[in-house]
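Participant: The file below is my_file.cif, mmCIF, N, CA and C atoms; chains and numbers go by the auth columns:
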```cif
data_my_file
loop_
_atom_site.group_PDB
_atom_site.id
_atom_site.type_symbol
_atom_site.label_atom_id
_atom_site.label_comp_id
_atom_site.label_asym_id
_atom_site.label_seq_id
_atom_site.Cartn_x
_atom_site.Cartn_y
_atom_site.Cartn_z
_atom_site.B_iso_or_equiv
_atom_site.auth_seq_id
_atom_site.auth_asym_id
ATOM 1 N N MET A 1 147.185 -68.195 -45.871 0.00 24 A
ATOM 2 C CA MET A 1 146.674 -66.836 -45.868 0.00 24 A
ATOM 3 C C MET A 1 145.428 -66.750 -45.004 0.00 24 A
ATOM 4 N N LYS A 2 145.244 -65.625 -44.385 0.00 25 A
ATOM 5 C CA LYS A 2 144.029 -65.382 -43.629 0.00 25 A
ATOM 6 C C LYS A 2 142.939 -64.891 -44.588 0.00 25 A
ATOM 7 N N PRO A 3 141.683 -65.265 -44.314 0.00 26 A
ATOM 8 C CA PRO A 3 140.616 -64.817 -45.220 0.00 26 A
ATOM 9 C C PRO A 3 140.351 -63.324 -45.101 0.00 26 A
ATOM 10 N N VAL A 4 139.882 -62.759 -46.175 0.00 27 A
ATOM 11 C CA VAL A 4 139.427 -61.380 -46.183 0.00 27 A
ATOM 12 C C VAL A 4 137.942 -61.438 -45.864 0.00 27 A
ATOM 13 N N ILE A 5 137.536 -60.852 -44.764 0.00 28 A
ATOM 14 C CA ILE A 5 136.122 -60.854 -44.425 0.00 28 A
ATOM 15 C C ILE A 5 135.486 -59.647 -45.080 0.00 28 A
ATOM 16 N N MET A 6 134.497 -59.924 -45.897 0.00 29 A
ATOM 17 C CA MET A 6 133.886 -58.877 -46.694 0.00 29 A
ATOM 18 C C MET A 6 132.400 -58.844 -46.391 0.00 29 A
ATOM 19 N N SER A 7 131.904 -57.703 -46.023 0.00 30 A
ATOM 20 C CA SER A 7 130.486 -57.561 -45.746 0.00 30 A
ATOM 21 C C SER A 7 129.696 -57.597 -47.042 0.00 30 A
ATOM 22 N N ASP A 8 128.583 -58.301 -47.045 0.00 31 A
ATOM 23 C CA ASP A 8 127.709 -58.301 -48.223 0.00 31 A
ATOM 24 C C ASP A 8 126.920 -57.011 -48.311 0.00 31 A
ATOM 25 N N MET A 9 127.067 -56.154 -47.318 0.00 32 A
ATOM 26 C CA MET A 9 126.351 -54.883 -47.317 0.00 32 A
ATOM 27 C C MET A 9 127.015 -53.865 -48.258 0.00 32 A
ATOM 28 N N HIS A 10 128.236 -54.123 -48.676 0.00 33 A
ATOM 29 C CA HIS A 10 128.971 -53.182 -49.516 0.00 33 A
ATOM 30 C C HIS A 10 129.250 -53.822 -50.877 0.00 33 A
ATOM 31 N N LYS A 11 128.309 -53.645 -51.772 0.00 34 A
ATOM 32 C CA LYS A 11 128.394 -54.298 -53.085 0.00 34 A
ATOM 33 C C LYS A 11 129.605 -53.844 -53.893 0.00 34 A
ATOM 34 N N SER A 12 130.090 -52.636 -53.670 0.00 35 A
ATOM 35 C CA SER A 12 131.254 -52.163 -54.429 0.00 35 A
ATOM 36 C C SER A 12 132.494 -52.993 -54.140 0.00 35 A
ATOM 37 N N LEU A 13 132.554 -53.621 -52.961 0.00 36 A
ATOM 38 C CA LEU A 13 133.704 -54.456 -52.623 0.00 36 A
ATOM 39 C C LEU A 13 133.748 -55.744 -53.436 0.00 36 A
ATOM 40 N N LEU A 14 132.605 -56.182 -53.945 0.00 37 A
ATOM 41 C CA LEU A 14 132.573 -57.411 -54.737 0.00 37 A
ATOM 42 C C LEU A 14 133.499 -57.339 -55.946 0.00 37 A
ATOM 43 N N HIS A 15 133.686 -56.153 -56.480 0.00 38 A
ATOM 44 C CA HIS A 15 134.562 -55.987 -57.642 0.00 38 A
ATOM 45 C C HIS A 15 135.989 -55.621 -57.253 0.00 38 A
ATOM 46 N N ALA A 16 136.151 -54.881 -56.170 0.00 39 A
ATOM 47 C CA ALA A 16 137.481 -54.396 -55.792 0.00 39 A
ATOM 48 C C ALA A 16 138.328 -55.454 -55.082 0.00 39 A
ATOM 49 N N VAL A 17 137.738 -56.219 -54.190 0.00 40 A
ATOM 50 C CA VAL A 17 138.511 -57.166 -53.387 0.00 40 A
ATOM 51 C C VAL A 17 139.190 -58.244 -54.231 0.00 40 A
ATOM 52 N N PRO A 18 138.546 -58.841 -55.232 0.00 41 A
ATOM 53 C CA PRO A 18 139.248 -59.858 -56.033 0.00 41 A
ATOM 54 C C PRO A 18 140.492 -59.321 -56.736 0.00 41 A
ATOM 55 N N ARG A 19 140.461 -58.064 -57.089 0.00 42 A
ATOM 56 C CA ARG A 19 141.636 -57.478 -57.745 0.00 42 A
ATOM 57 C C ARG A 19 142.817 -57.366 -56.793 0.00 42 A
ATOM 58 N N VAL A 20 142.536 -57.157 -55.534 0.00 43 A
ATOM 59 C CA VAL A 20 143.600 -56.962 -54.551 0.00 43 A
ATOM 60 C C VAL A 20 144.003 -58.276 -53.887 0.00 43 A
ATOM 61 N N PHE A 21 143.024 -59.097 -53.511 0.00 44 A
ATOM 62 C CA PHE A 21 143.298 -60.279 -52.691 0.00 44 A
ATOM 63 C C PHE A 21 143.093 -61.610 -53.395 0.00 44 A
ATOM 64 N N ARG A 22 142.621 -61.640 -54.621 0.00 45 A
ATOM 65 C CA ARG A 22 142.312 -62.852 -55.386 0.00 45 A
ATOM 66 C C ARG A 22 141.044 -63.517 -54.851 0.00 45 A
ATOM 67 N N LEU A 23 140.520 -64.433 -55.615 0.00 46 A
ATOM 68 C CA LEU A 23 139.225 -65.038 -55.306 0.00 46 A
ATOM 69 C C LEU A 23 139.223 -65.963 -54.100 0.00 46 A
ATOM 70 N N GLU A 24 140.292 -66.698 -53.866 0.00 47 A
ATOM 71 C CA GLU A 24 140.278 -67.705 -52.808 0.00 47 A
ATOM 72 C C GLU A 24 140.312 -67.124 -51.394 0.00 47 A
ATOM 73 N N ASN A 25 140.419 -65.820 -51.251 0.00 48 A
ATOM 74 C CA ASN A 25 140.454 -65.194 -49.936 0.00 48 A
ATOM 75 C C ASN A 25 139.145 -64.509 -49.570 0.00 48 A
ATOM 76 N N HIS A 26 138.064 -64.852 -50.225 0.00 49 A
ATOM 77 C CA HIS A 26 136.790 -64.193 -49.978 0.00 49 A
ATOM 78 C C HIS A 26 135.902 -64.991 -49.042 0.00 49 A
ATOM 79 N N CYS A 27 135.224 -64.285 -48.199 0.00 50 A
ATOM 80 C CA CYS A 27 134.159 -64.875 -47.392 0.00 50 A
ATOM 81 C C CYS A 27 133.209 -63.764 -46.992 0.00 50 A
ATOM 82 N N TYR A 28 132.038 -64.139 -46.590 0.00 51 A
ATOM 83 C CA TYR A 28 131.059 -63.163 -46.147 0.00 51 A
ATOM 84 C C TYR A 28 131.001 -63.139 -44.634 0.00 51 A
ATOM 85 N N CYS A 29 130.748 -61.991 -44.086 0.00 52 A
ATOM 86 C CA CYS A 29 130.625 -61.826 -42.642 0.00 52 A
ATOM 87 C C CYS A 29 129.301 -62.449 -42.202 0.00 52 A
ATOM 88 N N VAL A 30 129.383 -63.460 -41.348 0.00 53 A
ATOM 89 C CA VAL A 30 128.179 -64.179 -40.937 0.00 53 A
ATOM 90 C C VAL A 30 127.208 -63.266 -40.187 0.00 53 A
ATOM 91 N N VAL A 31 127.710 -62.255 -39.521 0.00 54 A
ATOM 92 C CA VAL A 31 126.830 -61.328 -38.801 0.00 54 A
ATOM 93 C C VAL A 31 125.954 -60.554 -39.787 0.00 54 A
ATOM 94 N N HIS A 32 126.557 -60.051 -40.872 0.00 55 A
ATOM 95 C CA HIS A 32 125.782 -59.317 -41.858 0.00 55 A
ATOM 96 C C HIS A 32 124.812 -60.224 -42.603 0.00 55 A
ATOM 97 N N VAL A 33 125.257 -61.420 -42.944 0.00 56 A
ATOM 98 C CA VAL A 33 124.374 -62.364 -43.630 0.00 56 A
ATOM 99 C C VAL A 33 123.193 -62.717 -42.731 0.00 56 A
ATOM 100 N N ARG A 34 123.464 -62.938 -41.440 0.00 57 A
ATOM 101 C CA ARG A 34 122.382 -63.263 -40.495 0.00 57 A
ATOM 102 C C ARG A 34 121.386 -62.117 -40.387 0.00 57 A
ATOM 103 N N GLU A 35 121.882 -60.893 -40.294 0.00 58 A
ATOM 104 C CA GLU A 35 120.972 -59.749 -40.190 0.00 58 A
ATOM 105 C C GLU A 35 120.129 -59.595 -41.453 0.00 58 A
ATOM 106 N N ASN A 36 120.718 -59.833 -42.606 0.00 59 A
ATOM 107 C CA ASN A 36 119.947 -59.798 -43.852 0.00 59 A
ATOM 108 C C ASN A 36 118.895 -60.898 -43.871 0.00 59 A
ATOM 109 N N PHE A 37 119.242 -62.071 -43.352 0.00 60 A
ATOM 110 C CA PHE A 37 118.293 -63.181 -43.289 0.00 60 A
ATOM 111 C C PHE A 37 117.118 -62.834 -42.383 0.00 60 A
ATOM 112 N N VAL A 38 117.403 -62.221 -41.242 0.00 61 A
ATOM 113 C CA VAL A 38 116.340 -61.836 -40.307 0.00 61 A
ATOM 114 C C VAL A 38 115.411 -60.809 -40.956 0.00 61 A
ATOM 115 N N LYS A 39 115.973 -59.847 -41.669 0.00 62 A
ATOM 116 C CA LYS A 39 115.153 -58.859 -42.383 0.00 62 A
ATOM 117 C C LYS A 39 114.280 -59.541 -43.428 0.00 62 A
ATOM 118 N N TYR A 40 114.883 -60.441 -44.200 0.00 63 A
ATOM 119 C CA TYR A 40 114.141 -61.167 -45.232 0.00 63 A
ATOM 120 C C TYR A 40 113.039 -62.021 -44.601 0.00 63 A
ATOM 121 N N ALA A 41 113.341 -62.668 -43.493 0.00 64 A
ATOM 122 C CA ALA A 41 112.348 -63.504 -42.807 0.00 64 A
ATOM 123 C C ALA A 41 111.141 -62.678 -42.396 0.00 64 A
ATOM 124 N N GLY A 42 111.379 -61.450 -41.970 0.00 65 A
ATOM 125 C CA GLY A 42 110.270 -60.576 -41.615 0.00 65 A
ATOM 126 C C GLY A 42 109.435 -60.183 -42.811 0.00 65 A
ATOM 127 N N LYS A 43 110.082 -59.956 -43.951 0.00 66 A
ATOM 128 C CA LYS A 43 109.370 -59.550 -45.166 0.00 66 A
ATOM 129 C C LYS A 43 108.488 -60.658 -45.724 0.00 66 A
ATOM 130 N N VAL A 44 108.933 -61.905 -45.591 0.00 67 A
ATOM 131 C CA VAL A 44 108.168 -63.017 -46.167 0.00 67 A
ATOM 132 C C VAL A 44 107.280 -63.713 -45.136 0.00 67 A
ATOM 133 N N GLY A 45 107.240 -63.181 -43.925 0.00 68 A
ATOM 134 C CA GLY A 45 106.327 -63.707 -42.916 0.00 68 A
ATOM 135 C C GLY A 45 106.866 -64.826 -42.058 0.00 68 A
ATOM 136 N N LEU A 46 108.145 -65.166 -42.178 0.00 69 A
ATOM 137 C CA LEU A 46 108.710 -66.236 -41.359 0.00 69 A
ATOM 138 C C LEU A 46 108.793 -65.854 -39.891 0.00 69 A
ATOM 139 N N ARG A 47 108.881 -64.568 -39.613 0.00 70 A
ATOM 140 C CA ARG A 47 108.977 -64.122 -38.227 0.00 70 A
ATOM 141 C C ARG A 47 107.610 -63.916 -37.590 0.00 70 A
ATOM 142 N N ARG A 48 106.562 -64.169 -38.326 0.00 71 A
ATOM 143 C CA ARG A 48 105.217 -63.975 -37.794 0.00 71 A
ATOM 144 C C ARG A 48 104.983 -64.819 -36.549 0.00 71 A
ATOM 145 N N ASP A 49 105.419 -66.065 -36.607 0.00 72 A
ATOM 146 C CA ASP A 49 105.209 -66.990 -35.494 0.00 72 A
ATOM 147 C C ASP A 49 106.461 -67.214 -34.649 0.00 72 A
ATOM 148 N N ALA A 50 107.555 -66.570 -35.002 0.00 73 A
ATOM 149 C CA ALA A 50 108.815 -66.768 -34.264 0.00 73 A
ATOM 150 C C ALA A 50 109.396 -65.416 -33.881 0.00 73 A
ATOM 151 N N THR A 51 110.124 -65.396 -32.807 0.00 74 A
ATOM 152 C CA THR A 51 110.779 -64.161 -32.398 0.00 74 A
ATOM 153 C C THR A 51 112.044 -63.944 -33.215 0.00 74 A
ATOM 154 N N LYS A 52 112.531 -62.729 -33.199 0.00 75 A
ATOM 155 C CA LYS A 52 113.772 -62.396 -33.890 0.00 75 A
ATOM 156 C C LYS A 52 114.924 -63.236 -33.356 0.00 75 A
ATOM 157 N N ASP A 53 114.969 -63.431 -32.041 0.00 76 A
ATOM 158 C CA ASP A 53 116.047 -64.226 -31.438 0.00 76 A
ATOM 159 C C ASP A 53 115.998 -65.680 -31.893 0.00 76 A
ATOM 160 N N LEU A 54 114.805 -66.226 -32.051 0.00 77 A
ATOM 161 C CA LEU A 54 114.671 -67.610 -32.517 0.00 77 A
ATOM 162 C C LEU A 54 115.159 -67.740 -33.960 0.00 77 A
ATOM 163 N N VAL A 55 114.808 -66.799 -34.802 0.00 78 A
ATOM 164 C CA VAL A 55 115.261 -66.821 -36.197 0.00 78 A
ATOM 165 C C VAL A 55 116.784 -66.731 -36.245 0.00 78 A
ATOM 166 N N LYS A 56 117.378 -65.876 -35.397 0.00 79 A
ATOM 167 C CA LYS A 56 118.839 -65.772 -35.344 0.00 79 A
ATOM 168 C C LYS A 56 119.471 -67.079 -34.875 0.00 79 A
ATOM 169 N N GLU A 57 118.883 -67.709 -33.887 0.00 80 A
ATOM 170 C CA GLU A 57 119.418 -68.975 -33.366 0.00 80 A
ATOM 171 C C GLU A 57 119.376 -70.063 -34.423 0.00 80 A
ATOM 172 N N ILE A 58 118.286 -70.147 -35.150 0.00 81 A
ATOM 173 C CA ILE A 58 118.177 -71.146 -36.222 0.00 81 A
ATOM 174 C C ILE A 58 119.240 -70.885 -37.280 0.00 81 A
ATOM 175 N N PHE A 59 119.406 -69.627 -37.673 0.00 82 A
ATOM 176 C CA PHE A 59 120.431 -69.291 -38.661 0.00 82 A
ATOM 177 C C PHE A 59 121.816 -69.682 -38.158 0.00 82 A
ATOM 178 N N ASN A 60 122.126 -69.352 -36.898 0.00 83 A
ATOM 179 C CA ASN A 60 123.443 -69.683 -36.343 0.00 83 A
ATOM 180 C C ASN A 60 123.704 -71.177 -36.356 0.00 83 A
ATOM 181 N N ARG A 61 122.705 -71.961 -36.031 0.00 84 A
ATOM 182 C CA ARG A 61 122.896 -73.422 -36.037 0.00 84 A
ATOM 183 C C ARG A 61 123.221 -73.934 -37.428 0.00 84 A
ATOM 184 N N VAL A 62 122.573 -73.378 -38.428 0.00 85 A
ATOM 185 C CA VAL A 62 122.851 -73.790 -39.808 0.00 85 A
ATOM 186 C C VAL A 62 124.202 -73.263 -40.269 0.00 85 A
ATOM 187 N N ALA A 63 124.505 -72.014 -39.955 0.00 86 A
ATOM 188 C CA ALA A 63 125.748 -71.393 -40.424 0.00 86 A
ATOM 189 C C ALA A 63 126.994 -72.049 -39.842 0.00 86 A
ATOM 190 N N TYR A 64 126.898 -72.542 -38.616 0.00 87 A
ATOM 191 C CA TYR A 64 128.081 -73.089 -37.958 0.00 87 A
ATOM 192 C C TYR A 64 128.096 -74.620 -37.939 0.00 87 A
ATOM 193 N N ILE A 65 127.203 -75.255 -38.677 0.00 88 A
ATOM 194 C CA ILE A 65 127.176 -76.722 -38.689 0.00 88 A
ATOM 195 C C ILE A 65 128.418 -77.240 -39.419 0.00 88 A
ATOM 196 N N ALA A 66 128.953 -78.307 -38.953 0.00 89 A
ATOM 197 C CA ALA A 66 130.114 -78.927 -39.599 0.00 89 A
ATOM 198 C C ALA A 66 129.680 -79.620 -40.880 0.00 89 A
ATOM 199 N N THR A 67 130.546 -79.609 -41.863 0.00 90 A
ATOM 200 C CA THR A 67 130.235 -80.276 -43.123 0.00 90 A
ATOM 201 C C THR A 67 130.864 -81.662 -43.153 0.00 90 A
ATOM 202 N N SER A 68 130.321 -82.517 -44.000 0.00 91 A
ATOM 203 C CA SER A 68 130.861 -83.864 -44.121 0.00 91 A
ATOM 204 C C SER A 68 132.291 -83.845 -44.655 0.00 91 A
ATOM 205 N N ALA A 69 132.646 -82.827 -45.412 0.00 92 A
ATOM 206 C CA ALA A 69 133.997 -82.725 -45.966 0.00 92 A
ATOM 207 C C ALA A 69 135.039 -82.587 -44.857 0.00 92 A
ATOM 208 N N GLU A 70 134.664 -81.965 -43.742 0.00 93 A
ATOM 209 C CA GLU A 70 135.602 -81.802 -42.641 0.00 93 A
ATOM 210 C C GLU A 70 135.902 -83.120 -41.949 0.00 93 A
ATOM 211 N N TYR A 71 134.987 -84.081 -42.050 0.00 94 A
ATOM 212 C CA TYR A 71 135.171 -85.370 -41.385 0.00 94 A
ATOM 213 C C TYR A 71 135.705 -86.437 -42.335 0.00 94 A
ATOM 214 N N GLY A 72 135.657 -86.166 -43.635 0.00 95 A
ATOM 215 C CA GLY A 72 136.027 -87.147 -44.630 0.00 95 A
ATOM 216 C C GLY A 72 137.465 -87.275 -44.763 0.00 95 A
#
```
Spell out the structure here as structure tokens.
Facilitator:
Amino acid sequence: MKPVIMSDMHKSLLHAVPRVFRLENHCYCVVHVRENFVKYAGKVGLRRDATKDLVKEIFNRVAYIATSAEYG
């Protein structure tokens, strides 16, 4: 099955999607998660010394890193 990409920006989907697609087809849209992270970084002062693009790049490197399970 292909995953259902669900934005974390729409909280109402958290309850509706499992009823239609079951739990194993859920994932979050990395673009929305990254944008939320950048907003949060600004609120807590992480962006004070870094540009928005740098914060996005750091997030992307972490989000797309391979896990040990993929190599095991």
Participant: Using only N, CA and C atoms, which of the listed residues (A:Val67, A:Asn48, A:His38, A:Arg57) sits closest to Lys79 of chain A?
Facilitator: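 The shortest atom-to-atom distance to Lys79 of chain A comes from A:Arg57.
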Participant: Any idea what the distance is between atom CA of Phe82 of chain A and atom N of Glu58 of chain A?
Facilitator: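 Separation between atom CA of Phe82 of chain A and atom N of Glu58 of chain A: 8.7 Å.
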Participant: Determine the axis-aligned bounding box of all atoms of segment 73-78 of chain A present in the file, pad each side by 3 Å, and express its centre and edge lengths in Å to one decimal place as lines of an AutoDock Vina configuration file.
Facilitator:
```
center_x = 112.2
center_y = -65.1
center_z = -33.8
size_x = 15.2
size_y = 11.3
size_z = 10.8
```
Participant: Just to confirm, what's the straight-line distance from atom CA of Val61 of chain A to atom CA of Lys75 of chain A in Å (one decimal)?
Facilitator: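 Taking atom CA of Val61 of chain A as the start and atom CA of Lys75 of chain A as the end point, the length is 6.9 Å.
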Participant: Identify which of the residues A:Gly65, A:Leu37, A:Phe60, A:His49 lies closest to Ile81 of chain A, counting only C-alpha atoms when measuring atom-to-atom distances.
Facilitator: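 The shortest atom-to-atom distance to Ile81 of chain A comes from A:Phe60.
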Participant: Could you jot down the atom CA of Val85 of chain A to atom CA of Cys52 of chain A separation for me, Å, one decimal place?
Facilitator: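 Separation between atom CA of Val85 of chain A and atom CA of Cys52 of chain A: 14.5 Å.
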Participant: Using only C-alpha atoms, pick whichever of A:Lys34, A:Arg84, A:Arg71, A:Lys66 has the shortest atom-to-atom distance to Val53 of chain A.
Facilitator: A:Arg84
Participant: Restricting the calculation to only C-alpha atoms, which member of A:His55, A:Ala89, A:Arg42, A:Ala64 is positioned closest to Leu77 of chain A?
Facilitator: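 Among A:His55, A:Ala89, A:Arg42, A:Ala64, it is A:Ala64 that comes nearest to Leu77 of chain A.
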Participant: For Val56 of chain A, which of A:Pro41, A:Ile88, A:Asn83, A:Ser35 is the closest residue, counting only C-alpha atoms?
Facilitator: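 When distances to Val56 of chain A are compared using only C-alpha atoms, the smallest one comes from A:Asn83.
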